[in-house]
$ cat entry.txt   # compact mmCIF, C-alpha atoms and all ligand atoms
# COMPACT_ATOMS: atom_id res chain seq x y z
CA MET A 1 -150.60 93.43 -101.16
CA LYS A 2 -148.81 92.60 -97.94
CA ASN A 3 -150.89 90.97 -95.26
CA THR A 4 -150.54 93.15 -92.18
CA ALA A 5 -153.68 92.01 -90.36
CA GLY A 6 -151.91 89.90 -87.75
CA THR A 7 -151.13 91.41 -84.37
CA GLU A 8 -147.62 91.89 -83.06
CA ALA A 9 -148.46 89.57 -80.14
CA ALA A 10 -149.30 86.76 -82.57
CA LYS A 11 -146.22 87.39 -84.71
CA ARG A 12 -143.93 87.60 -81.69
CA ALA A 13 -145.29 84.37 -80.23
CA ALA A 14 -144.73 82.49 -83.49
CA GLY A 15 -141.27 83.98 -84.06
CA GLU A 16 -140.04 83.27 -80.55
CA ALA A 17 -141.39 79.72 -80.52
CA ALA A 18 -139.44 78.91 -83.68
CA ALA A 19 -136.30 80.67 -82.43
CA ALA A 20 -136.37 78.38 -79.38
CA GLU A 21 -135.55 75.48 -81.74
CA ALA A 22 -132.02 76.80 -82.35
CA THR A 23 -129.29 75.11 -80.36
CA ASP A 24 -125.52 75.50 -79.96
CA GLY A 25 -123.55 74.95 -83.16
CA ASP A 26 -126.46 75.61 -85.51
CA VAL A 27 -126.26 77.62 -88.70
CA VAL A 28 -129.61 79.44 -88.80
CA GLY A 29 -131.30 80.95 -91.86
CA LEU A 30 -132.73 84.33 -90.92
CA GLY A 31 -135.92 85.19 -92.79
CA THR A 32 -137.32 88.54 -93.81
CA GLY A 33 -140.38 90.44 -92.59
CA SER A 34 -142.00 91.47 -89.33
CA THR A 35 -142.64 87.94 -88.00
CA ALA A 36 -139.15 86.62 -88.79
CA ALA A 37 -137.78 89.80 -87.17
CA HIS A 38 -139.18 88.64 -83.82
CA ALA A 39 -137.25 85.40 -84.21
CA ILE A 40 -134.06 87.31 -85.07
CA ARG A 41 -134.40 89.59 -82.05
CA ASP A 42 -135.01 86.61 -79.79
CA LEU A 43 -131.98 84.79 -81.20
CA GLY A 44 -129.93 87.94 -80.61
CA GLU A 45 -130.94 87.94 -76.93
CA ARG A 46 -129.98 84.28 -76.62
CA VAL A 47 -126.62 84.91 -78.35
CA ALA A 48 -125.95 87.63 -75.77
CA GLU A 49 -126.63 84.98 -73.10
CA GLY A 50 -124.17 82.55 -74.71
CA LEU A 51 -126.02 80.70 -77.49
CA ASP A 52 -123.39 79.71 -80.07
CA ILE A 53 -124.97 80.02 -83.54
CA GLU A 54 -124.15 81.60 -86.88
CA GLY A 55 -126.81 83.27 -89.01
CA VAL A 56 -127.36 83.45 -92.77
CA ALA A 57 -129.43 86.44 -93.83
CA THR A 58 -132.06 86.31 -96.58
CA SER A 59 -132.06 90.08 -97.25
CA TYR A 60 -130.29 93.36 -96.51
CA GLN A 61 -133.07 93.96 -93.98
CA SER A 62 -132.51 90.74 -92.03
CA ARG A 63 -128.72 91.17 -92.24
CA ALA A 64 -128.98 94.68 -90.75
CA LEU A 65 -131.21 93.44 -87.91
CA ALA A 66 -128.98 90.43 -87.21
CA ARG A 67 -125.94 92.73 -86.99
CA GLU A 68 -127.84 95.10 -84.70
CA VAL A 69 -128.73 92.30 -82.26
CA GLY A 70 -125.28 90.70 -82.39
CA ILE A 71 -125.79 87.46 -84.34
CA PRO A 72 -122.51 86.38 -86.06
CA LEU A 73 -123.15 86.07 -89.81
CA LEU A 74 -121.98 83.85 -92.65
CA SER A 75 -122.28 84.96 -96.27
CA LEU A 76 -125.04 83.15 -98.16
CA SER A 77 -122.73 82.63 -101.12
CA ASP A 78 -120.46 80.48 -98.90
CA VAL A 79 -123.21 78.32 -97.40
CA ALA A 80 -124.43 75.02 -98.91
CA ARG A 81 -126.52 73.85 -95.97
CA VAL A 82 -128.07 75.33 -92.87
CA ASP A 83 -129.45 73.50 -89.85
CA LEU A 84 -132.69 75.42 -89.64
CA ALA A 85 -134.25 78.35 -91.42
CA ILE A 86 -136.95 80.51 -89.86
CA ASP A 87 -139.08 82.63 -92.15
CA GLY A 88 -142.50 84.23 -92.46
CA ALA A 89 -145.18 83.87 -95.12
CA ASP A 90 -147.88 85.97 -96.71
CA GLN A 91 -150.31 83.08 -96.89
CA VAL A 92 -150.21 79.47 -95.69
CA ALA A 93 -152.37 76.58 -96.91
CA LEU A 94 -151.54 74.00 -94.24
CA ASP A 95 -153.24 71.02 -95.84
CA GLU A 96 -151.30 71.51 -99.09
CA ASN A 97 -148.02 72.47 -97.39
CA ALA A 98 -148.00 75.48 -99.70
CA LEU A 99 -146.99 79.07 -99.00
CA VAL A 100 -146.98 82.37 -100.78
CA LYS A 101 -143.90 84.38 -99.85
CA GLY A 102 -142.25 87.51 -101.20
CA GLY A 103 -144.24 90.34 -99.64
CA GLY A 104 -140.84 91.81 -98.83
CA ALA A 105 -139.48 90.99 -102.30
CA ALA A 106 -136.89 88.69 -100.70
CA HIS A 107 -138.30 85.36 -101.85
CA ALA A 108 -135.41 84.43 -104.18
CA ARG A 109 -132.83 84.38 -101.38
CA GLU A 110 -135.44 83.07 -98.97
CA LYS A 111 -136.00 80.06 -101.22
CA VAL A 112 -132.26 79.42 -101.54
CA VAL A 113 -131.93 79.42 -97.76
CA ALA A 114 -135.08 77.33 -97.17
CA SER A 115 -133.94 74.76 -99.72
CA ALA A 116 -130.55 74.51 -97.98
CA ALA A 117 -132.16 73.93 -94.59
CA ASP A 118 -132.42 70.59 -92.81
CA GLU A 119 -135.51 72.10 -91.19
CA PHE A 120 -137.52 74.96 -92.66
CA LEU A 121 -139.66 76.53 -89.94
CA VAL A 122 -142.41 78.90 -91.03
CA VAL A 123 -143.68 81.53 -88.62
CA ALA A 124 -147.05 83.17 -89.12
CA ASP A 125 -149.89 84.82 -87.28
CA ASP A 126 -153.23 83.11 -87.70
CA SER A 127 -154.51 85.72 -90.18
CA LYS A 128 -152.18 84.13 -92.75
CA LEU A 129 -153.97 80.77 -92.80
CA ALA A 130 -156.20 79.90 -95.75
CA ASP A 131 -157.80 76.73 -97.07
CA ARG A 132 -156.41 77.43 -100.57
CA LEU A 133 -153.82 79.95 -101.72
CA GLU A 134 -155.35 83.04 -103.24
CA HIS A 135 -152.78 85.69 -102.39
CA PRO A 136 -151.10 87.18 -105.49
CA VAL A 137 -147.84 85.38 -106.21
CA PRO A 138 -144.72 87.59 -106.27
CA VAL A 139 -142.49 86.83 -109.25
CA GLU A 140 -138.98 88.28 -109.39
CA VAL A 141 -138.13 89.14 -112.98
CA LEU A 142 -134.99 90.13 -114.85
CA PRO A 143 -135.75 93.71 -115.95
CA ASP A 144 -135.11 92.93 -119.62
CA ALA A 145 -137.58 90.06 -119.49
CA LEU A 146 -140.48 92.06 -118.05
CA ALA A 147 -142.76 92.05 -121.11
CA ARG A 148 -142.00 88.41 -121.87
CA VAL A 149 -142.77 87.29 -118.32
CA GLU A 150 -145.96 89.39 -118.16
CA ARG A 151 -147.18 87.57 -121.25
CA ALA A 152 -146.29 84.17 -119.81
CA VAL A 153 -148.13 84.99 -116.58
CA ARG A 154 -151.24 85.96 -118.55
CA ASP A 155 -150.93 82.74 -120.57
CA ALA A 156 -150.89 80.85 -117.25
CA GLY A 157 -154.13 82.55 -116.20
CA GLY A 158 -152.63 85.29 -114.04
CA ASP A 159 -152.97 89.05 -113.89
CA PRO A 160 -149.52 90.61 -113.32
CA THR A 161 -148.97 94.00 -111.63
CA LEU A 162 -145.54 95.60 -111.43
CA ARG A 163 -144.81 96.31 -107.76
CA ASP A 164 -144.21 99.99 -107.11
CA ALA A 165 -142.04 101.40 -104.36
CA GLU A 166 -144.09 103.03 -101.63
CA ARG A 167 -141.81 105.93 -100.83
CA LYS A 168 -140.36 106.90 -104.20
CA ASP A 169 -141.38 107.01 -107.82
CA GLY A 170 -140.68 103.87 -109.79
CA PRO A 171 -140.77 100.14 -109.29
CA VAL A 172 -139.49 98.10 -106.38
CA ILE A 173 -135.96 96.87 -107.09
CA THR A 174 -135.03 93.67 -105.25
CA ASP A 175 -131.76 93.10 -103.38
CA ASN A 176 -130.69 91.26 -106.57
CA GLY A 177 -131.40 94.26 -108.84
CA ASN A 178 -134.57 92.84 -110.38
CA LEU A 179 -138.29 93.75 -110.64
CA VAL A 180 -141.30 92.12 -108.97
CA LEU A 181 -144.61 91.25 -110.59
CA ASP A 182 -147.45 90.51 -108.18
CA CYS A 183 -149.46 87.95 -110.12
CA ASP A 184 -153.11 87.37 -109.24
CA PHE A 185 -154.17 83.83 -110.17
CA GLY A 186 -157.36 83.90 -108.10
CA THR A 187 -157.59 80.70 -106.10
CA VAL A 188 -154.58 78.52 -106.87
CA SER A 189 -156.05 75.04 -107.28
CA GLU A 190 -152.76 73.28 -108.04
CA PRO A 191 -149.84 75.12 -106.40
CA ALA A 192 -147.20 72.56 -107.40
CA SER A 193 -148.21 72.71 -111.04
CA LEU A 194 -148.27 76.52 -111.10
CA ALA A 195 -144.91 76.59 -109.34
CA ARG A 196 -143.40 74.37 -112.04
CA GLU A 197 -144.93 76.45 -114.81
CA LEU A 198 -143.57 79.73 -113.41
CA SER A 199 -140.13 78.22 -112.81
CA GLY A 200 -140.00 77.26 -116.47
CA VAL A 201 -140.42 80.79 -117.80
CA ALA A 202 -137.18 82.34 -119.07
CA GLY A 203 -136.55 85.60 -117.24
CA VAL A 204 -138.22 84.48 -114.00
CA VAL A 205 -135.52 84.66 -111.35
CA GLU A 206 -137.77 83.12 -108.67
CA HIS A 207 -141.41 83.04 -107.66
CA GLY A 208 -142.99 83.12 -104.23
CA LEU A 209 -144.74 79.74 -104.26
CA PHE A 210 -143.07 77.45 -101.71
CA VAL A 211 -144.68 74.04 -102.14
CA GLY A 212 -143.80 71.06 -99.94
CA MET A 213 -140.90 72.92 -98.37
CA ALA A 214 -142.06 73.66 -94.81
CA ASP A 215 -141.10 71.14 -92.14
CA ALA A 216 -143.16 72.89 -89.48
CA VAL A 217 -145.43 75.93 -89.25
CA PHE A 218 -145.66 77.91 -86.02
CA VAL A 219 -148.98 79.76 -85.94
CA GLY A 220 -149.37 82.47 -83.30
CA ASP A 221 -152.64 83.99 -82.12
CA ASP A 222 -153.60 87.26 -80.44
CA ASP A 223 -153.38 85.70 -76.97
CA GLY A 224 -149.75 84.82 -77.59
CA ASP A 225 -150.47 81.11 -77.92
CA VAL A 226 -148.68 79.08 -80.60
CA ARG A 227 -149.78 76.00 -82.47
CA ARG A 228 -147.06 73.94 -84.18
CA THR A 229 -148.22 71.91 -87.15
C1 LIG A 301 -140.55 88.54 -97.44
C2 LIG A 301 -141.51 87.49 -97.00
C3 LIG A 301 -142.08 87.63 -95.64
O1 LIG A 301 -141.68 86.56 -94.85
C4 LIG A 301 -143.59 87.71 -95.75
O2 LIG A 301 -143.92 88.82 -96.56
C5 LIG A 301 -144.27 87.84 -94.39
O3 LIG A 301 -143.94 89.07 -93.81
P1 LIG A 301 -144.56 89.51 -92.41
O4 LIG A 301 -144.06 88.56 -91.38
O5 LIG A 301 -144.05 90.93 -92.20
O6 LIG A 301 -146.06 89.50 -92.54
O7 LIG A 301 -141.82 86.55 -97.69
O8 LIG A 301 -140.18 88.35 -98.77
$ encode --input "entry.txt" --output "structure tokens" --more "lines below"
Ligand code: 5RP
Amino acid sequence: MKNTAGTEAAKRAAGEAAAAEATDGDVVGLGTGSTAAHAIRDLGERVAEGLDIEGVATSYQSRALAREVGIPLLSLSDVARVDLAIDGADQVALDENALVKGGGAAHAREKVVASAADEFLVVADDSKLADRLEHPVPVEVLPDALARVERAVRDAGGDPTLRDAERKDGPVITDNGNLVLDCDFGTVSEPASLARELSGVAGVVEHGLFVGMADAVFVGDDDGDVRRT
């Protein structure tokens, strides 16, 4: 399900280019995943050199990495606005300003942080670009609402699959204690409309469609070059 085609060089280039946007005094949203991790490591190096920022983590994973590299952290529950948020994506349709996120099952907190950000910077290798979104959409679901949400996803034209944990029996449990349905809608012709429909289903905690939220997308390629759009 997760797009792992991009090279580390491309991911690093994108992550570091976005991290360079942080300046003294900023509160920075720290995304989840391998591309955002490059940004976090780079920010950690700059903090060691004197950059004065505070981070807000979007997952246990990004919190652990931020601690490891020495970024001072605020608790998300205390934060109403951040200066910039840097996060990855599973697929990016540039022309529609639409993303699929949630390959790391962190999209609920990621959306809270992105929506609180003055600037939401997306970092991606060029394998993530698509003309239209067609990546399955992760939907975080209250466990007791699983059957109800599966039905609603089918009614909306999707094919839901409960995400299983790779290294143990049983489903993936999010940092919030919920389940994830990966919902295949084929090509998503109207992302904003699908996003509204999914948000309206009782039992959906959050879905991974981010429509109209990105302020900039940093796209890295295998040569380490970055295009900002
Ligand atoms: C986690 C996410 C990630 O940002 C997305 O899955 C991209 O990850 P990666 O940079 O490792 O490809 O949305 O919930």
$ residues_near_point --input "entry.txt" --point "(-147.4, 90.8, -82.4)" --cutoff "10 Å" --atoms "only C-alpha atoms" --output "ChimeraX atom specification"
/A:6-15,34-35,38,125,220-224
$ residues_near_ligand --input "entry.txt" --ligand "ligand LIG 301 (chain A)" --cutoff "10 Å" --atoms "all atoms listed in the file" --output "NGL selection string"
:A and (1-8 or 11-12 or 14-15 or 31-38 or 58-59 or 61-62 or 86-91 or 99-111 or 122-125 or 127-128 or 138 or 174 or 208-209)
$ residues_around --input "entry.txt" --residues "Asp144 in chain A" --least-positions-apart "4" --cutoff "12 Å" --atoms "all atoms listed in the file" --output "number ranges by chain"
A: 140, 148-150, 177-179, 202-205
$ atom_distance --input "entry.txt" --atom1 "CA of Ala80 in chain A" --atom2 "CA of Val219 in chain A"
28.2 Å
$ residues_around --input "entry.txt" --residues "range 63-70 of chain A" --least-positions-apart "5" --cutoff "10 Å" --atoms "all atoms listed in the file" --output "ChimeraX atom specification"
/A:30-32,37,40-48,55-58,75
$ axis_aligned_box --input "entry.txt" --around "range 198-203 of chain A" --padding-each-side "4 Å" --output "JSON"
{"center_x": -140.1, "center_y": 81.4, "center_z": -115.9, "size_x": 15.0, "size_y": 16.3, "size_z": 14.3}
$ residues_around --input "entry.txt" --residues "Arg81 in chain A" --least-positions-apart "3" --cutoff "9 Å" --atoms "all atoms listed in the file" --output "PDB file with C-alpha atoms, in the frame of the given file"
ATOM      1  CA  VAL A  27    -126.260  77.620 -88.700  1.00  0.00           C
ATOM      2  CA  LEU A  84    -132.690  75.420 -89.640  1.00  0.00           C
ATOM      3  CA  VAL A 113    -131.930  79.420 -97.760  1.00  0.00           C
ATOM      4  CA  SER A 115    -133.940  74.760 -99.720  1.00  0.00           C
ATOM      5  CA  ALA A 116    -130.550  74.510 -97.980  1.00  0.00           C
ATOM      6  CA  ALA A 117    -132.160  73.930 -94.590  1.00  0.00           C
ATOM      7  CA  ASP A 118    -132.420  70.590 -92.810  1.00  0.00           C
TER       8      ASP A 118
END
$ residues_around --input "entry.txt" --residues "Glu119 in chain A" --least-positions-apart "2" --cutoff "8 Å" --atoms "all atoms listed in the file" --output "list in words"
Asp83, Leu84, Ala85, Ala114, Ala117, Leu121, Ala214, Asp215 and Ala216 of chain A
$ write_last_selection --input "entry.txt" --atoms "C-alpha atoms" --output "PDB file, in the coordinates of the input"
ATOM      1  CA  ASP A  83    -129.450  73.500 -89.850  1.00  0.00           C
ATOM      2  CA  LEU A  84    -132.690  75.420 -89.640  1.00  0.00           C
ATOM      3  CA  ALA A  85    -134.250  78.350 -91.420  1.00  0.00           C
ATOM      4  CA  ALA A 114    -135.080  77.330 -97.170  1.00  0.00           C
ATOM      5  CA  ALA A 117    -132.160  73.930 -94.590  1.00  0.00           C
ATOM      6  CA  LEU A 121    -139.660  76.530 -89.940  1.00  0.00           C
ATOM      7  CA  ALA A 214    -142.060  73.660 -94.810  1.00  0.00           C
ATOM      8  CA  ASP A 215    -141.100  71.140 -92.140  1.00  0.00           C
ATOM      9  CA  ALA A 216    -143.160  72.890 -89.480  1.00  0.00           C
TER      10      ALA A 216
END
$ atom_distance --input "entry.txt" --atom1 "CA of Ala152 in chain A" --atom2 "CA of Val201 in chain A"
7.1 Å
$ atom_distance --input "entry.txt" --atom1 "CA of Arg151 in chain A" --atom2 "CA of Lys168 in chain A"
26.7 Å
$ closest_residue --input "entry.txt" --among "A:Asp155, A:Asp78, A:Asp175, A:Glu16" --to "Leu198 in chain A" --atoms "all atoms listed in the file"
A:Asp155
$ residues_around --input "entry.txt" --residues "Pro191 in chain A" --least-positions-apart "6" --cutoff "12 Å" --atoms "all atoms listed in the file" --output "ChimeraX atom specification"
/A:92-93,95-100,132-135,137,185,197-198,207-212
$ closest_residue --input "entry.txt" --among "A:Ile173, A:Ala156, A:Leu162, A:Ala20" --to "Gly186 in chain A" --atoms "only C-alpha atoms"
A:Ala156
$ build_atoms --input "entry.txt" --residues "range 16-36 of chain A" --atoms "N, CA and C atoms" --output "mmCIF file, in the coordinates of the input"
data_model
loop_
_atom_site.group_PDB
_atom_site.id
_atom_site.type_symbol
_atom_site.label_atom_id
_atom_site.label_comp_id
_atom_site.auth_asym_id
_atom_site.auth_seq_id
_atom_site.Cartn_x
_atom_site.Cartn_y
_atom_site.Cartn_z
ATOM 1 N N GLU A 16 -140.838 83.713 -81.696
ATOM 2 C CA GLU A 16 -140.040 83.270 -80.550
ATOM 3 C C GLU A 16 -140.122 81.760 -80.354
ATOM 4 N N ALA A 17 -141.269 81.175 -80.662
ATOM 5 C CA ALA A 17 -141.390 79.720 -80.520
ATOM 6 C C ALA A 17 -140.453 79.011 -81.499
ATOM 7 N N ALA A 18 -140.347 79.532 -82.708
ATOM 8 C CA ALA A 18 -139.440 78.910 -83.680
ATOM 9 C C ALA A 18 -137.981 79.151 -83.297
ATOM 10 N N ALA A 19 -137.690 80.356 -82.817
ATOM 11 C CA ALA A 19 -136.300 80.670 -82.430
ATOM 12 C C ALA A 19 -135.826 79.738 -81.322
ATOM 13 N N ALA A 20 -136.744 79.282 -80.487
ATOM 14 C CA ALA A 20 -136.370 78.380 -79.380
ATOM 15 C C ALA A 20 -135.829 77.052 -79.879
ATOM 16 N N GLU A 21 -136.048 76.752 -81.160
ATOM 17 C CA GLU A 21 -135.550 75.480 -81.740
ATOM 18 C C GLU A 21 -134.043 75.506 -81.995
ATOM 19 N N ALA A 22 -133.456 76.712 -82.038
ATOM 20 C CA ALA A 22 -132.020 76.800 -82.350
ATOM 21 C C ALA A 22 -131.192 76.356 -81.155
ATOM 22 N N THR A 23 -130.168 75.589 -81.442
ATOM 23 C CA THR A 23 -129.290 75.110 -80.360
ATOM 24 C C THR A 23 -127.830 75.384 -80.734
ATOM 25 N N ASP A 24 -126.945 75.216 -79.765
ATOM 26 C CA ASP A 24 -125.520 75.500 -79.960
ATOM 27 C C ASP A 24 -124.971 74.787 -81.196
ATOM 28 N N GLY A 25 -124.204 75.523 -81.986
ATOM 29 C CA GLY A 25 -123.550 74.950 -83.160
ATOM 30 C C GLY A 25 -124.371 75.082 -84.431
ATOM 31 N N ASP A 26 -125.614 75.535 -84.313
ATOM 32 C CA ASP A 26 -126.460 75.610 -85.510
ATOM 33 C C ASP A 26 -126.081 76.790 -86.417
ATOM 34 N N VAL A 27 -126.215 76.532 -87.714
ATOM 35 C CA VAL A 27 -126.260 77.620 -88.700
ATOM 36 C C VAL A 27 -127.737 77.871 -88.969
ATOM 37 N N VAL A 28 -128.174 79.125 -88.783
ATOM 38 C CA VAL A 28 -129.610 79.440 -88.800
ATOM 39 C C VAL A 28 -129.913 80.422 -89.929
ATOM 40 N N GLY A 29 -130.819 80.036 -90.814
ATOM 41 C CA GLY A 29 -131.300 80.950 -91.860
ATOM 42 C C GLY A 29 -132.236 81.969 -91.241
ATOM 43 N N LEU A 30 -131.973 83.232 -91.537
ATOM 44 C CA LEU A 30 -132.730 84.330 -90.920
ATOM 45 C C LEU A 30 -133.643 84.949 -91.975
ATOM 46 N N GLY A 31 -134.944 84.732 -91.798
ATOM 47 C CA GLY A 31 -135.920 85.190 -92.790
ATOM 48 C C GLY A 31 -136.142 86.684 -92.749
ATOM 49 N N THR A 32 -137.041 87.111 -93.613
ATOM 50 C CA THR A 32 -137.320 88.540 -93.810
ATOM 51 C C THR A 32 -138.775 88.824 -93.434
ATOM 52 N N GLY A 33 -139.004 90.035 -92.900
ATOM 53 C CA GLY A 33 -140.380 90.440 -92.590
ATOM 54 C C GLY A 33 -140.573 90.621 -91.099
ATOM 55 N N SER A 34 -141.758 91.084 -90.723
ATOM 56 C CA SER A 34 -142.000 91.470 -89.330
ATOM 57 C C SER A 34 -142.079 90.268 -88.398
ATOM 58 N N THR A 35 -142.530 89.114 -88.874
ATOM 59 C CA THR A 35 -142.640 87.940 -88.000
ATOM 60 C C THR A 35 -141.252 87.312 -87.804
ATOM 61 N N ALA A 36 -140.521 87.157 -88.898
ATOM 62 C CA ALA A 36 -139.150 86.620 -88.790
ATOM 63 C C ALA A 36 -138.287 87.546 -87.935
#
